[in-house]
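A.B. asks: One structure, as structure tokens, below. Some questions next.
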Amino acid sequence: MRTVAGAHGSSVAVVFEGFEEFDISTSQTTIHGVRGGAGPPVLLLHGIPETHLMWHRIAPALAERFTVVATDLRGYGASGRPPSAPDHGPYRMRALAADQVEVMAALGFDRFAVVGHDRGARCAYRMALDHPAAVGHLAVLDVVPTGDAYARADADFSLGYWVWSFLAAPSPVPEELIAAAPRVLVDHMLDTWSQVPGVFPDRVRDAYRATFADPEAVHAICEQYRAAATLDVADDRADRGRRRIECPTLVLWSATGPVGQWYEPLDVWRVWAADVRGGPVQGGHFLPEEAPEETLDHLLELLT
């Protein structure tokens with residue numbers, strides 16, 4: 001493990017006081033993150049268009065009782081952006097999940113809880129399926145499994161989740177369009193998917209924008225969506241009805257967002273996991289930032 005400072009440290013020092021930054025080399029890339037607290041380990045994984053900074057309202061409170069690790073997914077923030085492949089394999093969730101298991105092992109944790117939001121939730125449930133010995137508790141925030149989402153796609157999905165189609169379009173179309181106005185896309189996602197005005201501090205919003213100002217990061221993120229539509233769907237289809245998530249699983253979703261409107265989330269997840277609990281949270285898509293107290297209460301109930 002290598003601790004770092006400078007460009008990353010100035011932001012994290014404010015947002016995650018008392019946490020230590022790290023960059024850990026895995027078998028395929030380098031993962032950036034922070035670690036703080038003491039006690040049973042909990043891994044926090046972010047969604048789009050964010051980085052590990054999205055946990056700034058929850059991580060310090062969790063660190064009073066747990067060892068908290070929050071990372072940038074491969075391609076995002078300060079983590080590595082390895083070359084992709086024609087089949088988009090380096091950016092399938094199976095690869096992203098393997099990164100995180102390696103990171104936790106490098107930190108000394110062979111078994112841990114994992115909490116994921118949005119894309120991070122997709123990484124988290126894939127981790128629980130592929131590495132059941134490593135994941136003791138799972139929380140997935142505002143998602144249904146990727147395979148289920150595509151299998152049930154309709155007109156509402158095509159308009160509400162247009163980002164899925166846009167980012168998965170053939171290279172370099174989305175990459176070139178985003179390069180012309182990266183702030184427009186980031187601000188659109190943050191402002192239209194949230195319900196609480198002013199919920200993103202300027203320094204945090206700027207960090208999210210910075211990822212999309214990096215052409216290599218944008219390509220990596222697009223590759224992740226291309227892999228989702230192909231490889232991740234195939235992985236889910238292969239596992240559905242054959243493998244189940246073995247650990248206690250918490251499912252939370254926005255009380256007014258599309259996940260709750262389009263699906264019965266607990267019913268969907270009970271196909272995948274034996275021990276499922278959860279419910280809606282008041283707020284928009286970004287539950288840990290918009291409703292941190294309610295989200296934290298649910299997490300503590302799961303973890304303790």
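Simple scheme: letters A, B, ... for chains in structure tokens order, numbers from 1 for residues in each chain, numbers from 1 for ligands in the order shown.
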Would you mind listing what lies within 7 Å of His56 of chain A as a list of chain:residue names, with only C-alpha atoms counted and same-chain residues fewer than 3 positions away left out?
C.D. replies: A:Val15, A:Phe16, A:Leu53, A:Ala59
A.B. asks: What would the file look like if the residues just selected were written as a CSV table (one decimal), in the first residue's frame with all heavy atoms?
C.D. replies:
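Final output, saved to selection_12.csv:
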```
chain,number,residue,atom,x,y,z
A,15,VAL,N,-12.9,16.3,3.3
A,15,VAL,CA,-14.1,15.5,3.2
A,15,VAL,C,-14.1,14.2,4.1
A,15,VAL,O,-15.1,13.9,4.7
A,15,VAL,CB,-14.4,15.0,1.8
A,15,VAL,CG1,-15.6,14.1,1.6
A,15,VAL,CG2,-14.6,16.3,0.9
A,16,PHE,N,-12.9,13.6,4.3
A,16,PHE,CA,-12.7,12.4,5.1
A,16,PHE,C,-11.6,12.7,6.1
A,16,PHE,O,-10.6,12.1,6.1
A,16,PHE,CB,-12.3,11.3,4.2
A,16,PHE,CG,-13.4,10.8,3.3
A,16,PHE,CD1,-13.5,11.3,2.0
A,16,PHE,CD2,-14.3,9.8,3.7
A,16,PHE,CE1,-14.4,10.8,1.1
A,16,PHE,CE2,-15.2,9.3,2.8
A,16,PHE,CZ,-15.3,9.8,1.5
A,53,LEU,N,-15.8,10.0,-3.1
A,53,LEU,CA,-16.2,11.2,-2.3
A,53,LEU,C,-17.7,11.2,-2.1
A,53,LEU,O,-18.2,11.9,-1.2
A,53,LEU,CB,-15.8,12.5,-3.1
A,53,LEU,CG,-14.3,12.7,-3.2
A,53,LEU,CD1,-14.1,14.0,-4.0
A,53,LEU,CD2,-13.6,12.7,-1.9
A,59,ALA,N,-19.4,7.9,5.5
A,59,ALA,CA,-18.1,7.2,5.9
A,59,ALA,C,-17.6,7.6,7.3
A,59,ALA,O,-17.3,6.8,8.1
A,59,ALA,CB,-17.1,7.5,4.9
```
A.B. asks: Which residues are close to segment 166-174 of chain A, i.e. within 9 Å by only C-alpha atoms, leaving aside same-chain residues fewer than 6 positions away? Reply as a PyMOL selection string.
C.D. replies: chain A and resi 218-219+221-229
A.B. asks: Find the residues around Pro258 of chain A up to 9 Å (only C-alpha atoms counted), leave out those fewer than 5 positions away in its own chain, and share them as a PyMOL selection string.
C.D. replies: chain A and resi 142+156-157+160+263+285
A.B. asks: So which one's closest to Val144 of chain A, A:Leu296, A:Ala220, A:Val271, A:Ala85? Using only C-alpha atoms, please.
C.D. replies: A:Val271
